[in-house]
file upload.pdb (PDB, C-alpha atoms)
ATOM      1  CA  MET A   1      84.078  69.446  98.892
ATOM      2  CA  ARG A   2      86.590  72.062 100.060
ATOM      3  CA  ILE A   3      87.649  74.310  97.165
ATOM      4  CA  SER A   4      89.849  76.661  99.182
ATOM      5  CA  PRO A   5      91.024  77.030 102.782
ATOM      6  CA  HIS A   6      87.837  78.823 103.831
ATOM      7  CA  TYR A   7      85.177  77.739 101.308
ATOM      8  CA  THR A   8      83.403  74.637 100.026
ATOM      9  CA  THR A   9      81.353  73.867  96.944
ATOM     10  CA  GLU A  10      78.265  74.603  99.025
ATOM     11  CA  ASP A  11      79.485  78.178  99.533
ATOM     12  CA  TRP A  12      79.828  78.465  95.765
ATOM     13  CA  ARG A  13      76.376  76.995  95.092
ATOM     14  CA  ARG A  14      74.776  79.594  97.378
ATOM     15  CA  ILE A  15      76.089  82.530  95.336
ATOM     16  CA  ASP A  16      73.446  84.705  93.695
ATOM     17  CA  PHE A  17      75.091  85.876  90.477
ATOM     18  CA  SER A  18      72.186  88.209  89.735
ATOM     19  CA  LYS A  19      73.648  90.586  92.345
ATOM     20  CA  GLU A  20      77.010  92.304  92.416
ATOM     21  CA  GLU A  21      77.473  91.085  95.963
ATOM     22  CA  GLY A  22      77.363  87.524  94.613
ATOM     23  CA  TRP A  23      80.077  88.219  92.062
ATOM     24  CA  GLN A  24      82.288  89.748  94.733
ATOM     25  CA  LYS A  25      81.807  86.660  96.913
ATOM     26  CA  ALA A  26      82.734  84.412  93.974
ATOM     27  CA  ILE A  27      85.917  86.397  93.424
ATOM     28  CA  ASP A  28      86.693  86.190  97.162
ATOM     29  CA  ILE A  29      86.427  82.401  96.918
ATOM     30  CA  PHE A  30      88.709  82.297  93.894
ATOM     31  CA  GLU A  31      91.242  84.565  95.566
ATOM     32  CA  ASP A  32      91.169  82.403  98.706
ATOM     33  CA  ARG A  33      91.725  79.314  96.542
ATOM     34  CA  ILE A  34      94.760  80.664  94.692
ATOM     35  CA  ARG A  35      96.334  82.336  97.705
ATOM     36  CA  GLY A  36      95.631  79.474 100.105
ATOM     37  CA  ARG A  37      96.667  76.620  97.846
ATOM     38  CA  PHE A  38      99.566  78.225  96.000
ATOM     39  CA  LEU A  39     100.765  81.738  96.811
ATOM     40  CA  ASP A  40     100.795  81.351 100.605
ATOM     41  CA  ILE A  41     102.683  78.062 100.239
ATOM     42  CA  ILE A  42     105.254  79.713  97.979
ATOM     43  CA  ASP A  43     105.662  82.541 100.509
ATOM     44  CA  ARG A  44     106.578  79.971 103.142
ATOM     45  CA  ILE A  45     109.187  78.128 101.055
ATOM     46  CA  GLN A  46     110.686  80.664  98.667
ATOM     47  CA  ASN A  47     113.493  81.783 100.984
ATOM     48  CA  GLN A  48     114.700  78.267 101.658
ATOM     49  CA  THR A  49     117.875  77.147  99.943
ATOM     50  CA  TYR A  50     117.188  75.157  96.765
ATOM     51  CA  SER A  51     113.490  76.020  96.687
ATOM     52  CA  GLY A  52     113.682  77.508  93.185
ATOM     53  CA  PHE A  53     112.418  74.462  91.306
ATOM     54  CA  ALA A  54     109.546  73.965  93.750
ATOM     55  CA  VAL A  55     108.559  77.638  93.438
ATOM     56  CA  LEU A  56     108.727  77.542  89.635
ATOM     57  CA  ALA A  57     106.782  74.269  89.517
ATOM     58  CA  LEU A  58     103.944  75.890  91.460
ATOM     59  CA  ASP A  59     104.229  79.033  89.330
ATOM     60  CA  CYS A  60     103.890  76.923  86.188
ATOM     61  CA  LEU A  61     100.777  75.219  87.570
ATOM     62  CA  LEU A  62      99.330  78.637  88.296
ATOM     63  CA  ILE A  63     100.122  79.973  84.832
ATOM     64  CA  GLU A  64      98.213  77.178  83.160
ATOM     65  CA  THR A  65      95.215  77.420  85.485
ATOM     66  CA  LEU A  66      95.074  81.223  85.212
ATOM     67  CA  GLN A  67      95.070  80.896  81.433
ATOM     68  CA  GLN A  68      92.221  78.393  81.700
ATOM     69  CA  PHE A  69      90.275  80.962  83.734
ATOM     70  CA  ARG A  70      91.038  83.664  81.167
ATOM     71  CA  GLU A  71      89.868  81.357  78.356
ATOM     72  CA  GLY A  72      86.868  80.007  80.279
ATOM     73  CA  VAL A  73      87.746  76.361  79.711
ATOM     74  CA  GLU A  74      87.403  73.401  82.031
ATOM     75  CA  GLN A  75      90.922  72.245  81.254
ATOM     76  CA  THR A  76      93.612  72.869  78.707
ATOM     77  CA  PRO A  77      92.590  71.044  75.527
ATOM     78  CA  HIS A  78      94.710  67.973  74.782
ATOM     79  CA  GLY A  79      97.879  68.897  72.924
ATOM     80  CA  ARG A  80      97.460  72.649  73.455
ATOM     81  CA  SER A  81      99.333  73.159  76.726
ATOM     82  CA  LYS A  82     102.243  74.913  75.000
ATOM     83  CA  GLU A  83      99.858  77.213  73.148
ATOM     84  CA  TYR A  84      98.111  78.191  76.389
ATOM     85  CA  PHE A  85     101.388  78.735  78.191
ATOM     86  CA  VAL A  86     102.879  80.846  75.405
ATOM     87  CA  ARG A  87      99.691  82.883  75.152
ATOM     88  CA  PHE A  88      99.802  83.642  78.871
ATOM     89  CA  LEU A  89     103.436  84.789  78.754
ATOM     90  CA  THR A  90     102.958  86.908  75.628
ATOM     91  CA  GLU A  91      99.499  88.403  76.264
ATOM     92  CA  SER A  92      99.514  89.113  80.000
ATOM     93  CA  SER A  93     101.750  91.577  81.856
ATOM     94  CA  PHE A  94     104.580  89.111  81.166
ATOM     95  CA  LYS A  95     104.660  90.385  77.554
ATOM     96  CA  GLU A  96     107.048  93.070  78.799
ATOM     97  CA  PHE A  97     109.586  90.264  79.323
ATOM     98  CA  PHE A  98     108.591  87.485  76.899
ATOM     99  CA  ASP A  99     108.216  87.348  73.163
ATOM    100  CA  GLU A 100     107.058  84.158  71.471
ATOM    101  CA  LYS A 101     110.587  82.749  71.175
ATOM    102  CA  LYS A 102     111.368  83.207  74.868
ATOM    103  CA  ALA A 103     107.938  81.892  75.869
ATOM    104  CA  LYS A 104     108.451  78.694  73.844
ATOM    105  CA  ILE A 105     111.905  78.143  75.324
ATOM    106  CA  PHE A 106     110.490  78.716  78.811
ATOM    107  CA  TYR A 107     107.750  76.184  78.176
ATOM    108  CA  ASP A 108     110.085  73.532  76.752
ATOM    109  CA  GLN A 109     113.136  73.899  78.973
ATOM    110  CA  ILE A 110     111.793  75.308  82.245
ATOM    111  CA  ARG A 111     108.139  74.280  82.576
ATOM    112  CA  CYS A 112     108.380  70.848  80.939
ATOM    113  CA  GLY A 113     111.826  70.183  82.382
ATOM    114  CA  ILE A 114     110.774  70.882  85.962
ATOM    115  CA  LEU A 115     107.326  69.284  85.788
ATOM    116  CA  HIS A 116     108.333  66.171  83.822
ATOM    117  CA  GLN A 117     111.972  65.508  84.722
ATOM    118  CA  ALA A 118     112.485  67.602  87.892
ATOM    119  CA  GLU A 119     115.273  69.471  86.123
ATOM    120  CA  VAL A 120     115.798  72.402  83.807
ATOM    121  CA  LYS A 121     116.578  71.267  80.272
ATOM    122  CA  GLY A 122     118.999  72.571  77.657
ATOM    123  CA  SER A 123     121.251  75.446  78.633
ATOM    124  CA  SER A 124     118.557  77.182  80.705
ATOM    125  CA  ARG A 125     119.205  78.066  84.328
ATOM    126  CA  VAL A 126     117.236  79.290  87.351
ATOM    127  CA  ILE A 127     118.886  81.902  89.586
ATOM    128  CA  ILE A 128     118.041  84.349  92.374
ATOM    129  CA  ARG A 129     121.053  86.659  92.043
ATOM    130  CA  GLU A 130     120.358  90.335  92.802
ATOM    131  CA  GLY A 131     120.619  92.675  89.840
ATOM    132  CA  THR A 132     119.776  90.095  87.185
ATOM    133  CA  PRO A 133     116.746  90.609  84.934
ATOM    134  CA  LEU A 134     113.598  88.510  85.131
ATOM    135  CA  VAL A 135     114.584  86.676  81.937
ATOM    136  CA  SER A 136     117.573  86.744  79.610
ATOM    137  CA  PHE A 137     119.115  84.434  77.040
ATOM    138  CA  THR A 138     121.977  82.147  77.961
ATOM    139  CA  GLU A 139     125.341  82.750  76.262
ATOM    140  CA  ASP A 140     124.572  80.198  73.544
ATOM    141  CA  GLY A 141     121.216  81.887  72.855
ATOM    142  CA  LYS A 142     119.418  78.536  73.099
ATOM    143  CA  GLY A 143     118.242  78.741  76.701
ATOM    144  CA  LEU A 144     116.986  81.205  79.276
ATOM    145  CA  ILE A 145     118.252  82.476  82.587
ATOM    146  CA  ILE A 146     115.233  82.987  84.853
ATOM    147  CA  ASN A 147     115.416  85.101  87.983
ATOM    148  CA  ARG A 148     112.829  83.090  89.866
ATOM    149  CA  ARG A 149     112.196  85.769  92.528
ATOM    150  CA  LEU A 150     111.340  88.353  89.885
ATOM    151  CA  PHE A 151     109.376  85.784  87.883
ATOM    152  CA  HIS A 152     107.263  84.855  90.897
ATOM    153  CA  SER A 153     106.744  88.519  91.841
ATOM    154  CA  GLN A 154     105.503  89.216  88.329
ATOM    155  CA  LEU A 155     103.107  86.271  88.529
ATOM    156  CA  VAL A 156     101.691  87.597  91.798
ATOM    157  CA  LYS A 157     101.179  91.005  90.127
ATOM    158  CA  GLU A 158      99.453  89.344  87.180
ATOM    159  CA  PHE A 159      97.175  87.395  89.532
ATOM    160  CA  GLU A 160      96.304  90.584  91.431
ATOM    161  CA  ASN A 161      95.603  92.405  88.139
ATOM    162  CA  TYR A 162      93.301  89.571  87.100
ATOM    163  CA  VAL A 163      91.425  89.672  90.423
ATOM    164  CA  SER A 164      91.107  93.449  90.124
ATOM    165  CA  SER A 165      89.708  93.098  86.594
ATOM    166  CA  LEU A 166      87.200  90.490  87.795
ATOM    167  CA  ARG A 167      85.986  92.874  90.510
ATOM    168  CA  CYS A 168      84.956  95.424  87.853
ATOM    169  CA  PRO A 169      81.294  94.806  86.872
ATOM    170  CA  THR A 170      81.858  96.014  83.306
ATOM    171  CA  ASN A 171      84.146  93.046  82.565
ATOM    172  CA  SER A 172      81.216  90.726  81.958
ATOM    173  CA  ASP A 173      82.943  88.482  79.377
ATOM    174  CA  LEU A 174      85.938  87.980  81.657
ATOM    175  CA  ARG A 175      83.599  87.209  84.542
ATOM    176  CA  GLU A 176      81.597  84.665  82.560
ATOM    177  CA  ARG A 177      84.764  82.816  81.505
ATOM    178  CA  PHE A 178      85.934  82.875  85.139
ATOM    179  CA  ARG A 179      82.577  81.543  86.325
ATOM    180  CA  LYS A 180      82.594  78.727  83.787
ATOM    181  CA  LYS A 181      85.990  77.492  85.030
ATOM    182  CA  MET A 182      85.030  77.798  88.708
ATOM    183  CA  GLU A 183      81.797  75.918  88.144
ATOM    184  CA  TYR A 184      83.749  73.109  86.546
ATOM    185  CA  ILE A 185      86.010  73.032  89.626
ATOM    186  CA  CYS A 186      82.941  73.013  91.892
ATOM    187  CA  ARG A 187      81.225  70.400  89.726
ATOM    188  CA  VAL A 188      78.101  72.463  89.166
ATOM    189  CA  SER A 189      76.401  73.520  85.955
ATOM    190  CA  ALA A 190      76.559  77.148  84.835
ATOM    191  CA  THR A 191      72.861  77.639  85.507
ATOM    192  CA  MET A 192      72.693  76.330  89.060
ATOM    193  CA  GLY A 193      71.779  78.990  91.581
ATOM    194  CA  GLU A 194      69.960  81.155  89.015
ATOM    195  CA  GLU A 195      66.238  81.515  88.898
TER     196      GLU A 195
END
call {"tool": "encode", "arguments": {"input": "upload.pdb", "output": "structure tokens"}}
result
Amino acid sequence: MRISPHYTTEDWRRIDFSKEEGWQKAIDIFEDRIRGRFLDIIDRIQNQTYSGFAVLALDCLLIETLQQFREGVEQTPHGRSKEYFVRFLTESSFKEFFDEKKAKIFYDQIRCGILHQAEVKGSSRVIIREGTPLVSFTEDGKGLIINRRLFHSQLVKEFENYVSSLRCPTNSDLRERFRKKMEYICRVSATMGEE
């Protein structure tokens, strides 16, 4: 099964996690997966007129999957999607822009609106206007104005920070949670490939 543009589950199964070289290969595969299936696609469409919802939809998919990697879970537990989403926005580098209130509004009006109704809900809006902040409240204070270019750029930075952290051998807990999620994706047990 192909798990990224350049790798299959067989490539993953051949990794020797007892060596640093194996960990680096695993991270290469993950990076190829996220870039090839999401970030490269966004790069190709983000300058097209009216691509904002499509870009944010993919960004929202990435946020949830990146949080699953950070948590080391196979999938977001039933009924906890909002919790995972809010945690990502308030505990990652996005915490500079989001407090819990903004994160919950983003989840409800932007993420759920786009993914479930193909629209932004409430008074929230998505813009690309130069000089506007990544996120701000609407005039009524009940919605958010999201600068989707800045939002996406921040998500790319967060992804790159995560990859950089994974590449550091001292981050063993982070690596083990990452491995658990990838092995679920590859449909292998956590002990396969070890002797």
call {"tool": "closest_residue", "arguments": {"input": "upload.pdb", "among": "A:Arg70, A:Arg179, A:Lys104, A:Arg37", "to": "Gly22 (chain A)", "atoms": "all atoms listed in the file"}}
result
A:Arg179
call {"tool": "atom_distance", "arguments": {"input": "upload.pdb", "atom1": "CA of Ala103 (chain A)", "atom2": "CA of Phe88 (chain A)"}}
result
8.8 Å
call {"tool": "closest_residue", "arguments": {"input": "upload.pdb", "among": "A:Arg167, A:Lys101, A:His116, A:Arg177", "to": "Lys142 (chain A)", "atoms": "all atoms listed in the file"}}
result
A:Lys101
call {"tool": "resolve_selection", "arguments": {"input": "upload.pdb", "expression": "the PyMOL selection byres ((chain A and resi 122-135) around 8)", "output": "number ranges by chain"}}
result
A: 52-53, 97-98, 109-110, 120-121, 136-138, 140, 142-151
call {"tool": "write_last_selection", "arguments": {"input": "upload.pdb", "atoms": "C-alpha atoms", "output": "PDB file, in the frame of the given file"}}
result
ATOM      1  CA  GLY A  52     113.682  77.508  93.185  1.00  0.00           C
ATOM      2  CA  PHE A  53     112.418  74.462  91.306  1.00  0.00           C
ATOM      3  CA  PHE A  97     109.586  90.264  79.323  1.00  0.00           C
ATOM      4  CA  PHE A  98     108.591  87.485  76.899  1.00  0.00           C
ATOM      5  CA  GLN A 109     113.136  73.899  78.973  1.00  0.00           C
ATOM      6  CA  ILE A 110     111.793  75.308  82.245  1.00  0.00           C
ATOM      7  CA  VAL A 120     115.798  72.402  83.807  1.00  0.00           C
ATOM      8  CA  LYS A 121     116.578  71.267  80.272  1.00  0.00           C
ATOM      9  CA  SER A 136     117.573  86.744  79.610  1.00  0.00           C
ATOM     10  CA  PHE A 137     119.115  84.434  77.040  1.00  0.00           C
ATOM     11  CA  THR A 138     121.977  82.147  77.961  1.00  0.00           C
ATOM     12  CA  ASP A 140     124.572  80.198  73.544  1.00  0.00           C
ATOM     13  CA  LYS A 142     119.418  78.536  73.099  1.00  0.00           C
ATOM     14  CA  GLY A 143     118.242  78.741  76.701  1.00  0.00           C
ATOM     15  CA  LEU A 144     116.986  81.205  79.276  1.00  0.00           C
ATOM     16  CA  ILE A 145     118.252  82.476  82.587  1.00  0.00           C
ATOM     17  CA  ILE A 146     115.233  82.987  84.853  1.00  0.00           C
ATOM     18  CA  ASN A 147     115.416  85.101  87.983  1.00  0.00           C
ATOM     19  CA  ARG A 148     112.829  83.090  89.866  1.00  0.00           C
ATOM     20  CA  ARG A 149     112.196  85.769  92.528  1.00  0.00           C
ATOM     21  CA  LEU A 150     111.340  88.353  89.885  1.00  0.00           C
ATOM     22  CA  PHE A 151     109.376  85.784  87.883  1.00  0.00           C
TER      23      PHE A 151
END
call {"tool": "residues_around", "arguments": {"input": "upload.pdb", "residues": "region 73-84 of chain A", "least_positions_apart": "2", "cutoff": "8 Å", "atoms": "all atoms listed in the file", "output": "PDB file with C-alpha atoms, in the frame of the given file"}}
result
ATOM      1  CA  GLU A  64      98.213  77.178  83.160  1.00  0.00           C
ATOM      2  CA  THR A  65      95.215  77.420  85.485  1.00  0.00           C
ATOM      3  CA  GLN A  67      95.070  80.896  81.433  1.00  0.00           C
ATOM      4  CA  GLN A  68      92.221  78.393  81.700  1.00  0.00           C
ATOM      5  CA  PHE A  69      90.275  80.962  83.734  1.00  0.00           C
ATOM      6  CA  GLU A  71      89.868  81.357  78.356  1.00  0.00           C
ATOM      7  CA  VAL A  86     102.879  80.846  75.405  1.00  0.00           C
ATOM      8  CA  ARG A  87      99.691  82.883  75.152  1.00  0.00           C
ATOM      9  CA  PHE A  88      99.802  83.642  78.871  1.00  0.00           C
ATOM     10  CA  LYS A 104     108.451  78.694  73.844  1.00  0.00           C
ATOM     11  CA  TYR A 107     107.750  76.184  78.176  1.00  0.00           C
ATOM     12  CA  ARG A 177      84.764  82.816  81.505  1.00  0.00           C
ATOM     13  CA  LYS A 180      82.594  78.727  83.787  1.00  0.00           C
ATOM     14  CA  LYS A 181      85.990  77.492  85.030  1.00  0.00           C
ATOM     15  CA  TYR A 184      83.749  73.109  86.546  1.00  0.00           C
ATOM     16  CA  ILE A 185      86.010  73.032  89.626  1.00  0.00           C
TER      17      ILE A 185
END
call {"tool": "residues_around", "arguments": {"input": "upload.pdb", "residues": "Ser93 (chain A)", "least_positions_apart": "2", "cutoff": "9 Å", "atoms": "only C-alpha atoms", "output": "VMD selection string"}}
result
chain A and resid 88 to 91 95 to 97 154 to 155 157 to 158 161
call {"tool": "resolve_selection", "arguments": {"input": "upload.pdb", "expression": "the PyMOL selection byres ((chain A and resi 57) around 10)", "output": "NGL selection string"}}
result
:A and (51-56 or 58-63 or 110-115 or 118)
call {"tool": "write_last_selection", "arguments": {"input": "upload.pdb", "atoms": "C-alpha atoms", "output": "PDB file, in the frame of the given file"}}
result
ATOM      1  CA  SER A  51     113.490  76.020  96.687  1.00  0.00           C
ATOM      2  CA  GLY A  52     113.682  77.508  93.185  1.00  0.00           C
ATOM      3  CA  PHE A  53     112.418  74.462  91.306  1.00  0.00           C
ATOM      4  CA  ALA A  54     109.546  73.965  93.750  1.00  0.00           C
ATOM      5  CA  VAL A  55     108.559  77.638  93.438  1.00  0.00           C
ATOM      6  CA  LEU A  56     108.727  77.542  89.635  1.00  0.00           C
ATOM      7  CA  LEU A  58     103.944  75.890  91.460  1.00  0.00           C
ATOM      8  CA  ASP A  59     104.229  79.033  89.330  1.00  0.00           C
ATOM      9  CA  CYS A  60     103.890  76.923  86.188  1.00  0.00           C
ATOM     10  CA  LEU A  61     100.777  75.219  87.570  1.00  0.00           C
ATOM     11  CA  LEU A  62      99.330  78.637  88.296  1.00  0.00           C
ATOM     12  CA  ILE A  63     100.122  79.973  84.832  1.00  0.00           C
ATOM     13  CA  ILE A 110     111.793  75.308  82.245  1.00  0.00           C
ATOM     14  CA  ARG A 111     108.139  74.280  82.576  1.00  0.00           C
ATOM     15  CA  CYS A 112     108.380  70.848  80.939  1.00  0.00           C
ATOM     16  CA  GLY A 113     111.826  70.183  82.382  1.00  0.00           C
ATOM     17  CA  ILE A 114     110.774  70.882  85.962  1.00  0.00           C
ATOM     18  CA  LEU A 115     107.326  69.284  85.788  1.00  0.00           C
ATOM     19  CA  ALA A 118     112.485  67.602  87.892  1.00  0.00           C
TER      20      ALA A 118
END
call {"tool": "atom_distance", "arguments": {"input": "upload.pdb", "atom1": "CA of Leu39 (chain A)", "atom2": "CA of Val163 (chain A)"}}
result
13.8 Å
call {"tool": "atom_distance", "arguments": {"input": "upload.pdb", "atom1": "CA of Cys186 (chain A)", "atom2": "CA of Thr9 (chain A)"}}
result
5.4 Å
call {"tool": "closest_residue", "arguments": {"input": "upload.pdb", "among": "A:Asp108, A:Glu31, A:Glu20, A:Glu119", "to": "Cys168 (chain A)", "atoms": "all atoms listed in the file"}}
result
A:Glu20
call {"tool": "closest_residue", "arguments": {"input": "upload.pdb", "among": "A:Val188, A:Asn171, A:Phe106, A:Asp43", "to": "Arg14 (chain A)", "atoms": "only C-alpha atoms"}}
result
A:Val188
call {"tool": "residues_around", "arguments": {"input": "upload.pdb", "residues": "Ala26 (chain A)", "least_positions_apart": "5", "cutoff": "9 Å", "atoms": "only C-alpha atoms", "output": "ChimeraX atom specification"}}
result
/A:11-12,15,17,21,31,179,182
call {"tool": "resolve_selection", "arguments": {"input": "upload.pdb", "expression": "the PyMOL selection byres ((chain A and resi 30) around 10)", "output": "PyMOL selection string"}}
result
chain A and resi 3-4+7+12+24-29+31-36+163+178-179+182
call {"tool": "closest_residue", "arguments": {"input": "upload.pdb", "among": "A:Ile41, A:His152, A:Pro169, A:Thr49", "to": "Lys19 (chain A)", "atoms": "all atoms listed in the file"}}
result
A:Pro169
call {"tool": "closest_residue", "arguments": {"input": "upload.pdb", "among": "A:Arg44, A:Glu160, A:Arg2, A:Ile105", "to": "Leu66 (chain A)", "atoms": "all atoms listed in the file"}}
result
A:Glu160
call {"tool": "axis_aligned_box", "arguments": {"input": "upload.pdb", "around": "region 54-66 of chain A", "padding_each_side": "5 Å", "output": "AutoDock Vina command-line options"}}
result
--center_x 102.3 --center_y 77.6 --center_z 88.5 --size_x 24.5 --size_y 17.3 --size_z 20.6
